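Peer 1: Got target_20.cif for you, mmCIF, C-alpha atoms:
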data_work
#
loop_
_atom_site.group_PDB
_atom_site.id
_atom_site.type_symbol
_atom_site.label_atom_id
_atom_site.label_comp_id
_atom_site.auth_asym_id
_atom_site.auth_seq_id
_atom_site.Cartn_x
_atom_site.Cartn_y
_atom_site.Cartn_z
ATOM 1 C CA MET A 1 -20.144 -94.894 35.195
ATOM 2 C CA ALA A 2 -19.733 -93.505 31.691
ATOM 3 C CA LYS A 3 -17.227 -92.047 29.301
ATOM 4 C CA VAL A 4 -18.458 -88.596 28.404
ATOM 5 C CA LYS A 5 -18.048 -87.326 24.875
ATOM 6 C CA VAL A 6 -16.475 -83.925 24.421
ATOM 7 C CA LYS A 7 -18.443 -83.335 21.227
ATOM 8 C CA GLY A 8 -21.459 -81.279 22.169
ATOM 9 C CA THR A 9 -19.887 -79.583 25.181
ATOM 10 C CA VAL A 10 -21.138 -76.012 25.333
ATOM 11 C CA ILE A 11 -19.079 -73.139 26.738
ATOM 12 C CA LYS A 12 -21.131 -70.026 27.327
ATOM 13 C CA GLN A 13 -20.046 -66.479 28.076
ATOM 14 C CA THR A 14 -22.114 -63.700 29.606
ATOM 15 C CA ILE A 15 -22.976 -60.903 27.223
ATOM 16 C CA SER A 16 -25.214 -58.341 28.862
ATOM 17 C CA SER A 17 -28.384 -60.187 29.938
ATOM 18 C CA VAL A 18 -27.640 -63.679 28.634
ATOM 19 C CA LEU A 19 -25.152 -66.520 28.605
ATOM 20 C CA THR A 20 -24.622 -67.534 25.002
ATOM 21 C CA ALA A 21 -22.433 -70.204 23.424
ATOM 22 C CA VAL A 22 -18.932 -69.369 22.210
ATOM 23 C CA ALA A 23 -18.471 -70.464 18.605
ATOM 24 C CA GLN A 24 -15.835 -72.614 16.938
ATOM 25 C CA ILE A 25 -14.044 -73.917 20.031
ATOM 26 C CA ILE A 26 -11.803 -76.873 19.232
ATOM 27 C CA ASP A 27 -10.278 -77.637 22.617
ATOM 28 C CA PHE A 28 -10.478 -76.485 26.207
ATOM 29 C CA SER A 29 -8.824 -77.147 29.550
ATOM 30 C CA HIS A 30 -9.157 -76.252 33.202
ATOM 31 C CA ASP A 31 -6.036 -76.201 35.346
ATOM 32 C CA GLY A 32 -4.524 -74.715 38.456
ATOM 33 C CA ALA A 33 -7.387 -75.265 40.875
ATOM 34 C CA GLN A 34 -5.506 -75.935 44.052
ATOM 35 C CA THR A 35 -6.042 -75.936 47.777
ATOM 36 C CA GLU A 36 -3.518 -73.706 49.516
ATOM 37 C CA ASP A 37 -1.239 -75.070 52.195
ATOM 38 C CA TYR A 38 1.574 -73.911 54.387
ATOM 39 C CA ASP A 39 4.612 -75.538 55.879
ATOM 40 C CA SER A 40 3.572 -76.478 59.392
ATOM 41 C CA THR A 41 6.798 -78.216 60.331
ATOM 42 C CA THR A 42 8.194 -77.268 63.722
ATOM 43 C CA ILE A 43 11.488 -78.033 65.364
ATOM 44 C CA ASP A 44 9.812 -80.578 67.595
ATOM 45 C CA THR A 45 8.014 -82.375 64.754
ATOM 46 C CA SER A 46 8.588 -86.052 65.264
ATOM 47 C CA GLY A 47 10.259 -87.978 62.472
ATOM 48 C CA ALA A 48 11.937 -86.696 59.327
ATOM 49 C CA GLY A 49 8.828 -85.873 57.350
ATOM 50 C CA LYS A 50 7.925 -82.228 56.902
ATOM 51 C CA THR A 51 4.289 -81.449 57.586
ATOM 52 C CA TYR A 52 1.841 -79.203 55.793
ATOM 53 C CA SER A 53 -1.587 -77.888 56.685
ATOM 54 C CA GLN A 54 -4.389 -76.120 54.839
ATOM 55 C CA THR A 55 -4.651 -72.360 54.977
ATOM 56 C CA GLY A 56 -8.369 -72.625 54.333
ATOM 57 C CA TYR A 57 -8.116 -70.966 50.939
ATOM 58 C CA SER A 58 -8.058 -72.413 47.430
ATOM 59 C CA GLU A 59 -6.927 -71.127 44.058
ATOM 60 C CA GLY A 60 -9.627 -71.254 41.403
ATOM 61 C CA GLY A 61 -7.104 -71.794 38.611
ATOM 62 C CA ASN A 62 -7.574 -71.049 34.944
ATOM 63 C CA PHE A 63 -9.865 -72.019 32.119
ATOM 64 C CA ASN A 64 -8.314 -72.075 28.677
ATOM 65 C CA PHE A 65 -9.678 -72.713 25.226
ATOM 66 C CA THR A 66 -8.717 -72.519 21.584
ATOM 67 C CA ALA A 67 -11.145 -71.616 18.824
ATOM 68 C CA PHE A 68 -11.010 -71.059 15.112
ATOM 69 C CA TYR A 69 -10.856 -67.261 15.208
ATOM 70 C CA ASP A 70 -13.364 -65.171 13.311
ATOM 71 C CA PRO A 71 -12.483 -61.526 14.060
ATOM 72 C CA ALA A 72 -15.852 -60.411 12.681
ATOM 73 C CA LEU A 73 -17.864 -62.724 14.928
ATOM 74 C CA ALA A 74 -19.716 -60.895 17.679
ATOM 75 C CA GLY A 75 -19.029 -63.581 20.269
ATOM 76 C CA HIS A 76 -15.291 -63.458 19.618
ATOM 77 C CA LYS A 77 -15.362 -59.655 19.668
ATOM 78 C CA ALA A 78 -16.955 -59.857 23.114
ATOM 79 C CA ILE A 79 -13.954 -61.854 24.356
ATOM 80 C CA THR A 80 -11.214 -59.734 22.806
ATOM 81 C CA ALA A 81 -12.994 -56.607 24.113
ATOM 82 C CA PHE A 82 -11.931 -57.585 27.630
ATOM 83 C CA ILE A 83 -8.384 -56.546 26.778
ATOM 84 C CA ALA A 84 -9.419 -52.928 26.288
ATOM 85 C CA THR A 85 -12.140 -53.029 28.920
ATOM 86 C CA PRO A 86 -11.278 -55.459 31.716
ATOM 87 C CA ALA A 87 -14.280 -56.818 33.587
ATOM 88 C CA ASP A 88 -15.516 -59.885 35.409
ATOM 89 C CA CYS A 89 -17.472 -62.353 33.297
ATOM 90 C CA VAL A 90 -19.540 -65.381 34.280
ATOM 91 C CA TRP A 91 -19.050 -68.504 32.147
ATOM 92 C CA ASN A 92 -20.868 -71.843 31.966
ATOM 93 C CA VAL A 93 -19.396 -75.135 30.825
ATOM 94 C CA THR A 94 -22.074 -77.723 30.124
ATOM 95 C CA THR A 95 -20.786 -81.224 29.538
ATOM 96 C CA THR A 96 -22.602 -84.009 27.712
ATOM 97 C CA ASP A 97 -23.243 -86.359 30.612
ATOM 98 C CA THR A 98 -26.815 -87.485 31.128
ATOM 99 C CA ALA A 99 -27.654 -84.737 33.659
ATOM 100 C CA PRO A 100 -26.075 -82.720 31.865
ATOM 101 C CA THR A 101 -23.730 -80.986 34.289
ATOM 102 C CA THR A 102 -23.088 -77.259 34.171
ATOM 103 C CA ASN A 103 -19.961 -75.854 35.800
ATOM 104 C CA VAL A 104 -20.036 -72.151 36.510
ATOM 105 C CA PHE A 105 -17.124 -69.817 37.077
ATOM 106 C CA THR A 106 -16.270 -66.129 36.947
ATOM 107 C CA SER A 107 -13.224 -64.852 35.106
ATOM 108 C CA CYS A 108 -11.481 -61.761 36.404
ATOM 109 C CA SER A 109 -8.850 -61.442 33.707
ATOM 110 C CA VAL A 110 -8.483 -62.636 30.147
ATOM 111 C CA GLY A 111 -5.401 -63.507 28.119
ATOM 112 C CA ILE A 112 -5.726 -63.421 24.351
ATOM 113 C CA GLY A 113 -3.483 -64.564 21.542
ATOM 114 C CA PHE A 114 -3.950 -65.823 18.044
ATOM 115 C CA THR A 115 -1.910 -68.063 15.846
ATOM 116 C CA GLY A 116 -1.757 -68.800 12.160
ATOM 117 C CA ALA A 117 -0.027 -71.460 10.145
ATOM 118 C CA MET A 118 0.085 -72.077 6.421
ATOM 119 C CA ASN A 119 -1.628 -75.420 6.712
ATOM 120 C CA ASP A 120 -4.233 -74.528 9.344
ATOM 121 C CA GLY A 121 -7.020 -72.080 10.123
ATOM 122 C CA LEU A 122 -6.545 -68.903 12.153
ATOM 123 C CA LYS A 123 -6.828 -69.785 15.834
ATOM 124 C CA LEU A 124 -7.695 -67.782 18.935
ATOM 125 C CA ASP A 125 -6.131 -68.773 22.236
ATOM 126 C CA VAL A 126 -7.963 -67.635 25.358
ATOM 127 C CA LYS A 127 -6.789 -67.937 28.950
ATOM 128 C CA LEU A 128 -9.259 -67.009 31.699
ATOM 129 C CA LYS A 129 -8.147 -66.500 35.295
ATOM 130 C CA ILE A 130 -10.858 -67.671 37.641
ATOM 131 C CA THR A 131 -11.820 -65.546 40.621
ATOM 132 C CA GLY A 132 -13.359 -67.544 43.431
ATOM 133 C CA LEU A 133 -13.926 -71.179 42.576
ATOM 134 C CA MET A 134 -15.536 -73.042 39.721
ATOM 135 C CA THR A 135 -18.607 -74.948 40.843
ATOM 136 C CA TYR A 136 -17.994 -78.664 40.553
ATOM 137 C CA PRO A 137 -20.786 -81.242 40.535
ATOM 138 C CA MET B 1 -32.212 -50.037 24.693
ATOM 139 C CA LYS B 2 -34.449 -53.059 24.392
ATOM 140 C CA ILE B 3 -33.824 -56.329 22.619
ATOM 141 C CA LYS B 4 -35.990 -59.380 21.939
ATOM 142 C CA LEU B 5 -34.376 -62.801 22.226
ATOM 143 C CA ILE B 6 -34.877 -65.043 19.208
ATOM 144 C CA ARG B 7 -33.420 -68.206 20.714
ATOM 145 C CA SER B 8 -34.508 -70.417 23.601
ATOM 146 C CA ASP B 9 -31.050 -71.775 24.503
ATOM 147 C CA LEU B 10 -29.840 -68.704 26.382
ATOM 148 C CA ASN B 11 -29.162 -68.736 30.118
ATOM 149 C CA VAL B 12 -29.743 -65.751 32.355
ATOM 150 C CA ALA B 13 -27.021 -63.358 33.507
ATOM 151 C CA ALA B 14 -26.770 -62.780 37.256
ATOM 152 C CA ALA B 15 -28.136 -59.243 37.083
ATOM 153 C CA TYR B 16 -31.394 -60.497 35.546
ATOM 154 C CA VAL B 17 -32.282 -63.506 37.696
ATOM 155 C CA ASP B 18 -35.243 -61.700 39.269
ATOM 156 C CA ASP B 19 -36.800 -60.864 35.907
ATOM 157 C CA PRO B 20 -40.354 -62.299 35.874
ATOM 158 C CA GLN B 21 -39.823 -63.759 32.392
ATOM 159 C CA VAL B 22 -37.091 -66.107 33.629
ATOM 160 C CA ILE B 23 -37.770 -69.853 33.552
ATOM 161 C CA THR B 24 -36.161 -72.319 35.978
ATOM 162 C CA ASP B 25 -35.668 -75.887 34.741
ATOM 163 C CA GLU B 26 -35.667 -79.069 36.808
ATOM 164 C CA ARG B 27 -31.904 -78.745 37.388
ATOM 165 C CA GLY B 28 -32.313 -75.224 38.728
ATOM 166 C CA LEU B 29 -30.788 -73.586 35.656
ATOM 167 C CA LEU B 30 -32.265 -70.280 34.580
ATOM 168 C CA TRP B 31 -33.331 -69.710 30.971
ATOM 169 C CA TRP B 32 -34.789 -66.893 28.932
ATOM 170 C CA PRO B 33 -37.927 -67.901 27.034
ATOM 171 C CA LEU B 34 -38.066 -67.375 23.292
ATOM 172 C CA GLY B 35 -39.260 -63.835 22.637
ATOM 173 C CA ALA B 36 -38.240 -62.394 26.002
ATOM 174 C CA VAL B 37 -37.796 -58.622 25.836
ATOM 175 C CA MET B 38 -35.393 -56.804 28.107
ATOM 176 C CA GLU B 39 -33.502 -53.596 28.672
ATOM 177 C CA VAL B 40 -29.758 -54.028 28.039
ATOM 178 C CA ASP B 41 -26.627 -51.933 27.682
ATOM 179 C CA LYS B 42 -25.791 -50.748 24.173
ATOM 180 C CA VAL B 43 -22.533 -52.641 23.720
ATOM 181 C CA GLY B 44 -23.881 -55.959 24.959
ATOM 182 C CA GLY B 45 -27.176 -55.587 23.143
ATOM 183 C CA LYS B 46 -25.431 -54.871 19.846
ATOM 184 C CA LEU B 47 -23.226 -57.946 20.290
ATOM 185 C CA LEU B 48 -26.252 -60.144 20.975
ATOM 186 C CA VAL B 49 -28.019 -58.862 17.871
ATOM 187 C CA GLU B 50 -24.895 -59.363 15.768
ATOM 188 C CA ASN B 51 -24.404 -62.833 17.249
ATOM 189 C CA GLY B 52 -27.875 -63.964 16.146
ATOM 190 C CA ASP B 53 -29.253 -64.213 19.671
ATOM 191 C CA ALA B 54 -31.560 -61.204 19.584
ATOM 192 C CA GLU B 55 -33.275 -58.523 17.523
ATOM 193 C CA PRO B 56 -33.728 -54.830 18.287
ATOM 194 C CA ALA B 57 -36.974 -54.213 20.179
ATOM 195 C CA ASP B 58 -37.168 -50.430 20.254
ATOM 196 C CA ALA B 59 -36.109 -47.405 18.229
ATOM 197 C CA GLU B 60 -32.937 -46.887 20.255
ATOM 198 C CA ALA B 61 -31.828 -50.450 19.588
ATOM 199 C CA GLU B 62 -32.602 -50.079 15.890
ATOM 200 C CA GLU B 63 -30.363 -47.016 15.855
ATOM 201 C CA VAL B 64 -27.533 -48.708 17.782
ATOM 202 C CA CYS B 65 -27.739 -51.831 15.575
ATOM 203 C CA LYS B 66 -27.955 -50.021 12.231
ATOM 204 C CA ASN B 67 -27.786 -52.386 9.262
ATOM 205 C CA TRP B 68 -28.396 -55.385 11.507
ATOM 206 C CA LYS B 69 -30.449 -57.017 8.770
ATOM 207 C CA VAL B 70 -27.535 -56.993 6.327
ATOM 208 C CA GLY B 71 -26.268 -60.551 5.973
ATOM 209 C CA ARG B 72 -28.780 -61.653 8.592
ATOM 210 C CA GLU B 73 -29.553 -65.004 7.010
ATOM 211 C CA ALA B 74 -25.872 -66.006 7.153
ATOM 212 C CA VAL B 75 -25.661 -64.903 10.804
ATOM 213 C CA LEU B 76 -28.672 -67.002 11.769
ATOM 214 C CA VAL B 77 -27.397 -70.049 9.887
ATOM 215 C CA SER B 78 -24.043 -69.703 11.656
ATOM 216 C CA ARG B 79 -25.766 -69.376 15.026
ATOM 217 C CA GLU B 80 -27.851 -72.474 14.353
ATOM 218 C CA MET B 81 -24.765 -74.426 13.313
ATOM 219 C CA LEU B 82 -23.199 -73.428 16.620
ATOM 220 C CA ALA B 83 -26.260 -74.638 18.525
ATOM 221 C CA GLN B 84 -26.151 -77.953 16.651
ATOM 222 C CA CYS B 85 -22.398 -78.361 17.230
ATOM 223 C CA ILE B 86 -21.661 -78.595 13.518
ATOM 224 C CA ASP B 87 -17.938 -79.075 13.103
ATOM 225 C CA PRO B 88 -16.314 -76.108 11.318
ATOM 226 C CA SER B 89 -15.055 -78.467 8.615
ATOM 227 C CA ASP B 90 -18.648 -79.570 7.925
ATOM 228 C CA ARG B 91 -20.145 -76.095 7.703
ATOM 229 C CA GLN B 92 -20.180 -75.827 3.954
ATOM 230 C CA LYS B 93 -21.901 -79.201 3.730
ATOM 231 C CA TYR B 94 -24.503 -77.913 6.191
ATOM 232 C CA ARG B 95 -25.042 -74.733 4.166
ATOM 233 C CA ASP B 96 -25.415 -76.816 1.047
ATOM 234 C CA GLY B 97 -28.070 -78.945 2.725
ATOM 235 C CA GLU B 98 -25.932 -82.046 2.563
ATOM 236 C CA MET B 99 -26.218 -82.810 6.288
ATOM 237 C CA ASP B 100 -29.305 -83.898 8.146
ATOM 238 C CA ASN B 101 -29.920 -82.870 11.722
ATOM 239 C CA GLU B 102 -29.219 -86.264 13.244
ATOM 240 C CA ASP B 103 -26.226 -86.714 15.448
ATOM 241 C CA GLU B 104 -23.918 -88.699 13.210
ATOM 242 C CA ASP B 105 -22.235 -90.182 16.267
ATOM 243 C CA SER B 106 -25.427 -91.325 17.900
ATOM 244 C CA ASP B 107 -24.640 -94.977 17.213
ATOM 245 C CA ASP B 108 -21.128 -94.800 18.584
ATOM 246 C CA ASP B 109 -20.247 -97.326 21.226
ATOM 247 C CA MET B 110 -18.787 -95.522 24.181
#
Just give me the structure of the file as C-alpha cells.

Peer 2:
Amino acid sequence: MAKVKVKGTVIKQTISSVLTAVAQIIDFSHDGAQTEDYDSTTIDTSGAGKTYSQTGYSEGGNFNFTAFYDPALAGHKAITAFIATPADCVWNVTTTDTAPTTNVFTSCSVGIGFTGAMNDGLKLDVKLKITGLMTYP
Amino acid sequence: MKIKLIRSDLNVAAAYVDDPQVITDERGLLWWPLGAVMEVDKVGGKLLVENGDAEPADAEAEEVCKNWKVGREAVLVSREMLAQCIDPSDRQKYRDGEMDNEDEDSDDDM
C-alpha cells in the first residue's frame, strides 16, 4: 500500500510514430467511466425496490487536463489540430507507482478551450472523450 | 519522409509495433531506441522535429522542416525539462543552471 505522488506523472499523446509527453500539464482528471444498466423492474417484482441489470456495455468516460498553454509548442499544436482535423488518438498515462503503471486509452473527440487571468499564466483546457475503455491495472 | 529519433523515452504508436527496431521492456511496453529511423507522415514528422523528439533523416524531411535548427538549443532544453518534470515556475532557474538534476522531493515522507 502506498500513496502515489502526482509529480512525475507522464501523459503521452501519439504523434505519428511515437507517443511523446505533453508539456506543462498542471492537473488532470478521468471521469465518466461507467457500466451501463437498465431498469429491469417488472410488475411482479417482489418488494418495493426497483431492480437494475447490466446491459453488458460500459462508457469509457473522459480524460481532462489543464496545461500552461504555449501556442508555439509543437505538442500543444498537435492537440489543437484535432479541432480542424478530427481523428482518433492513443494516449498513455504513466503514474509514479513502483511498477510504474501505464493506462492506455484512445480519444475519439477533443474539446479545447483556453483561459487567461491577470494574475496567472495562459492555460489550455483539454477534454478528451474516450472511445472503448481505458486500460486499468 | 524519414526522421531519426533523438530521445529514448518515446513509446511506439500502434501502426509501428511490428517495426524491427522496436524494443519491449519487462512490463511489455514498447519503446523506440535512441537513433531509430522511420518513415512518417509530413505533419506528424514536422511536429516531432519541432517538439525536440526527432531530427530530419532525409532530404524530404529537411525540406518539410525548413529552419528546424533555428532556436534548436532552446527546444532541446525545453524538451529535457519536460522529461525531468521541471515545474514551469522553476524553468528559468534550470536554464540558469541553478538546479541540479536530483529530485528535490526524494526525501519526502509519503

Peer 1: May I have the residues of chain B within 6 Å of chain A, counting all atoms listed in the file, written as a PyMOL selection string?

Peer 2: chain B and resi 10-13+44+47+50-51+82+85

Peer 1: Can I get the selection written as a PDB file, in the frame of the given file, with C-alpha atoms?

Peer 2:
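The resulting file, selection-v2.pdb, is reproduced below:
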ATOM      1  CA  LEU B  10     -29.840 -68.704  26.382  1.00  0.00           C
ATOM      2  CA  ASN B  11     -29.162 -68.736  30.118  1.00  0.00           C
ATOM      3  CA  VAL B  12     -29.743 -65.751  32.355  1.00  0.00           C
ATOM      4  CA  ALA B  13     -27.021 -63.358  33.507  1.00  0.00           C
ATOM      5  CA  GLY B  44     -23.881 -55.959  24.959  1.00  0.00           C
ATOM      6  CA  LEU B  47     -23.226 -57.946  20.290  1.00  0.00           C
ATOM      7  CA  GLU B  50     -24.895 -59.363  15.768  1.00  0.00           C
ATOM      8  CA  ASN B  51     -24.404 -62.833  17.249  1.00  0.00           C
ATOM      9  CA  LEU B  82     -23.199 -73.428  16.620  1.00  0.00           C
ATOM     10  CA  CYS B  85     -22.398 -78.361  17.230  1.00  0.00           C
TER      11      CYS B  85
END

Peer 1: What does the PyMOL selection byres ((chain B and resi 75-78) around 10) select in this file, as a PyMOL selection string?

Peer 2: (chain A and resi 23+73-74) or (chain B and resi 6+49-53+68-74+79-84+86+91+94-95)

Peer 1: Once the PyMOL selection byres ((chain A and resi 103-107) around 9) has been evaluated on this model, what residues remain selected, and can you format them as a ChimeraX atom specification?

Peer 2: /A:60,62-63,87-95,101-102,108-110,128-137

Peer 1: Report as an NGL selection string the residues that result from applying the PyMOL selection byres ((chain A and resi 127) around 12) to the structure here.

Peer 2: :A and (28-32 or 61-67 or 79-80 or 82-83 or 107-114 or 124-126 or 128-130)

Peer 1: Find the residues near range 36-39 of chain A: any atom within 9 Å, counting only C-alpha atoms, skip ones fewer than 3 places away on the same chain, and give them as a list of chain:residue names.

Peer 2: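 The residues satisfying every condition are A:Thr42, A:Lys50, A:Thr51, A:Tyr52, A:Ser53, A:Gln54, A:Thr55, A:Gly56, A:Tyr57, A:Ser58, A:Glu59.
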
Peer 1: Could you jot down the CA of Ala14 in chain B to CA of Leu30 in chain B separation for me, Å, one decimal place?

Peer 2: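 Here the two named atoms are 9.7 Å from each other.
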
Peer 1: Could you work out how far CA of Val17 in chain B lies from CA of Gly35 in chain B, giving the answer in Å with one decimal?

Peer 2: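 Value for the CA of Gly35 in chain B-CA of Val17 in chain B distance: 16.6 Å.
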
Peer 1: Here's a test: counting only C-alpha atoms, identify every protein, DNA and RNA residue with an atom at most 9 Å from (-26.6, -51.1, 25.2) in the file's coordinate frame, and state them as a ChimeraX atom specification.

Peer 2: /A:16 /B:1-2,39-46,61,64

Peer 1: What separation in Å, quoted to one decimal, exists between CA of Asp87 in chain B and CA of Leu34 in chain B?

Peer 2: 25.4 Å

Peer 1: Have a look at A:Thr45, A:Pro71, A:Thr85, A:Thr96 and name the one nearest to Leu122 in chain A; count all atoms listed in the file.

Peer 2: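 Checking each of A:Thr45, A:Pro71, A:Thr85, A:Thr96 against Leu122 in chain A, counting all atoms listed in the file, the winner is A:Pro71.
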
Peer 1: Can you pull range 11-97 of chain A out of that block with C-alpha atoms and hand it back as a PDB file, in the first residue's frame?

Peer 2:
ATOM      1  CA  ILE A  11       0.789  11.916 -20.083  1.00  0.00           C
ATOM      2  CA  LYS A  12       1.762  10.989 -23.610  1.00  0.00           C
ATOM      3  CA  GLN A  13      -0.016  11.618 -26.891  1.00  0.00           C
ATOM      4  CA  THR A  14       0.507   9.830 -30.187  1.00  0.00           C
ATOM      5  CA  ILE A  15       2.138  11.935 -32.863  1.00  0.00           C
ATOM      6  CA  SER A  16       2.773   9.925 -35.996  1.00  0.00           C
ATOM      7  CA  SER A  17       5.072   7.039 -34.998  1.00  0.00           C
ATOM      8  CA  VAL A  18       5.622   7.819 -31.319  1.00  0.00           C
ATOM      9  CA  LEU A  19       3.948   8.556 -28.014  1.00  0.00           C
ATOM     10  CA  THR A  20       5.587  11.639 -26.568  1.00  0.00           C
ATOM     11  CA  ALA A  21       4.975  13.551 -23.346  1.00  0.00           C
ATOM     12  CA  VAL A  22       2.610  16.522 -23.277  1.00  0.00           C
ATOM     13  CA  ALA A  23       4.319  19.556 -21.767  1.00  0.00           C
ATOM     14  CA  GLN A  24       3.314  21.874 -18.943  1.00  0.00           C
ATOM     15  CA  ILE A  25       0.329  19.947 -17.585  1.00  0.00           C
ATOM     16  CA  ILE A  26      -0.709  21.177 -14.149  1.00  0.00           C
ATOM     17  CA  ASP A  27      -3.703  18.976 -13.401  1.00  0.00           C
ATOM     18  CA  PHE A  28      -5.629  16.099 -14.908  1.00  0.00           C
ATOM     19  CA  SER A  29      -8.719  14.019 -14.226  1.00  0.00           C
ATOM     20  CA  HIS A  30     -10.534  10.972 -15.519  1.00  0.00           C
ATOM     21  CA  ASP A  31     -14.293  10.786 -15.095  1.00  0.00           C
ATOM     22  CA  GLY A  32     -17.426   9.253 -16.509  1.00  0.00           C
ATOM     23  CA  ALA A  33     -16.280   5.657 -16.830  1.00  0.00           C
ATOM     24  CA  GLN A  34     -19.470   3.830 -16.076  1.00  0.00           C
ATOM     25  CA  THR A  35     -21.035   0.441 -16.550  1.00  0.00           C
ATOM     26  CA  GLU A  36     -24.368   0.719 -18.333  1.00  0.00           C
ATOM     27  CA  ASP A  37     -27.528  -0.625 -16.770  1.00  0.00           C
ATOM     28  CA  TYR A  38     -31.203  -0.789 -17.493  1.00  0.00           C
ATOM     29  CA  ASP A  39     -34.317  -0.804 -15.394  1.00  0.00           C
ATOM     30  CA  SER A  40     -35.225  -4.459 -15.046  1.00  0.00           C
ATOM     31  CA  THR A  41     -38.182  -3.938 -12.745  1.00  0.00           C
ATOM     32  CA  THR A  42     -41.299  -5.872 -13.689  1.00  0.00           C
ATOM     33  CA  ILE A  43     -44.822  -5.710 -12.386  1.00  0.00           C
ATOM     34  CA  ASP A  44     -44.295  -8.937 -10.493  1.00  0.00           C
ATOM     35  CA  THR A  45     -41.028  -7.836  -8.866  1.00  0.00           C
ATOM     36  CA  SER A  46     -41.291  -8.695  -5.220  1.00  0.00           C
ATOM     37  CA  GLY A  47     -40.917  -5.886  -2.716  1.00  0.00           C
ATOM     38  CA  ALA A  48     -40.784  -2.145  -3.293  1.00  0.00           C
ATOM     39  CA  GLY A  49     -37.242  -1.919  -4.579  1.00  0.00           C
ATOM     40  CA  LYS A  50     -36.734  -1.287  -8.273  1.00  0.00           C
ATOM     41  CA  THR A  51     -34.185  -3.565  -9.888  1.00  0.00           C
ATOM     42  CA  TYR A  52     -31.481  -2.874 -12.430  1.00  0.00           C
ATOM     43  CA  SER A  53     -29.288  -5.114 -14.541  1.00  0.00           C
ATOM     44  CA  GLN A  54     -26.198  -4.654 -16.690  1.00  0.00           C
ATOM     45  CA  THR A  55     -26.555  -4.161 -20.413  1.00  0.00           C
ATOM     46  CA  GLY A  56     -23.081  -5.577 -20.903  1.00  0.00           C
ATOM     47  CA  TYR A  57     -21.680  -2.282 -22.133  1.00  0.00           C
ATOM     48  CA  SER A  58     -19.640   0.396 -20.378  1.00  0.00           C
ATOM     49  CA  GLU A  59     -18.931   4.048 -21.056  1.00  0.00           C
ATOM     50  CA  GLY A  60     -15.237   4.862 -21.266  1.00  0.00           C
ATOM     51  CA  GLY A  61     -15.754   8.380 -19.923  1.00  0.00           C
ATOM     52  CA  ASN A  62     -13.483  11.353 -20.396  1.00  0.00           C
ATOM     53  CA  PHE A  63      -9.924  12.352 -19.681  1.00  0.00           C
ATOM     54  CA  ASN A  64      -9.347  16.013 -18.958  1.00  0.00           C
ATOM     55  CA  PHE A  65      -6.265  18.074 -18.303  1.00  0.00           C
ATOM     56  CA  THR A  66      -5.123  21.649 -17.932  1.00  0.00           C
ATOM     57  CA  ALA A  67      -1.734  22.894 -19.073  1.00  0.00           C
ATOM     58  CA  PHE A  68       0.083  26.177 -19.227  1.00  0.00           C
ATOM     59  CA  TYR A  69      -0.602  26.926 -22.891  1.00  0.00           C
ATOM     60  CA  ASP A  70       2.229  27.641 -25.285  1.00  0.00           C
ATOM     61  CA  PRO A  71       0.608  28.186 -28.706  1.00  0.00           C
ATOM     62  CA  ALA A  72       4.004  27.836 -30.389  1.00  0.00           C
ATOM     63  CA  LEU A  73       4.771  24.471 -28.797  1.00  0.00           C
ATOM     64  CA  ALA A  74       4.581  21.585 -31.242  1.00  0.00           C
ATOM     65  CA  GLY A  75       2.969  19.240 -28.733  1.00  0.00           C
ATOM     66  CA  HIS A  76       0.198  21.721 -27.976  1.00  0.00           C
ATOM     67  CA  LYS A  77      -0.277  22.394 -31.689  1.00  0.00           C
ATOM     68  CA  ALA A  78      -0.786  18.657 -32.172  1.00  0.00           C
ATOM     69  CA  ILE A  79      -3.686  18.760 -29.697  1.00  0.00           C
ATOM     70  CA  THR A  80      -5.408  21.877 -31.011  1.00  0.00           C
ATOM     71  CA  ALA A  81      -5.050  20.491 -34.561  1.00  0.00           C
ATOM     72  CA  PHE A  82      -7.703  17.901 -33.718  1.00  0.00           C
ATOM     73  CA  ILE A  83     -10.328  20.633 -33.872  1.00  0.00           C
ATOM     74  CA  ALA A  84      -9.685  21.229 -37.564  1.00  0.00           C
ATOM     75  CA  THR A  85      -8.831  17.615 -38.312  1.00  0.00           C
ATOM     76  CA  PRO A  86     -10.734  15.238 -36.033  1.00  0.00           C
ATOM     77  CA  ALA A  87      -9.069  11.869 -35.548  1.00  0.00           C
ATOM     78  CA  ASP A  88      -8.617   9.108 -33.013  1.00  0.00           C
ATOM     79  CA  CYS A  89      -5.524   9.385 -30.839  1.00  0.00           C
ATOM     80  CA  VAL A  90      -3.932   6.906 -28.444  1.00  0.00           C
ATOM     81  CA  TRP A  91      -2.772   8.324 -25.099  1.00  0.00           C
ATOM     82  CA  ASN A  92      -0.720   6.885 -22.234  1.00  0.00           C
ATOM     83  CA  VAL A  93      -0.889   7.941 -18.607  1.00  0.00           C
ATOM     84  CA  THR A  94       2.058   6.646 -16.610  1.00  0.00           C
ATOM     85  CA  THR A  95       1.770   7.103 -12.872  1.00  0.00           C
ATOM     86  CA  THR A  96       4.636   7.151 -10.388  1.00  0.00           C
ATOM     87  CA  ASP A  97       3.916   3.934  -8.524  1.00  0.00           C
TER      88      ASP A  97
END
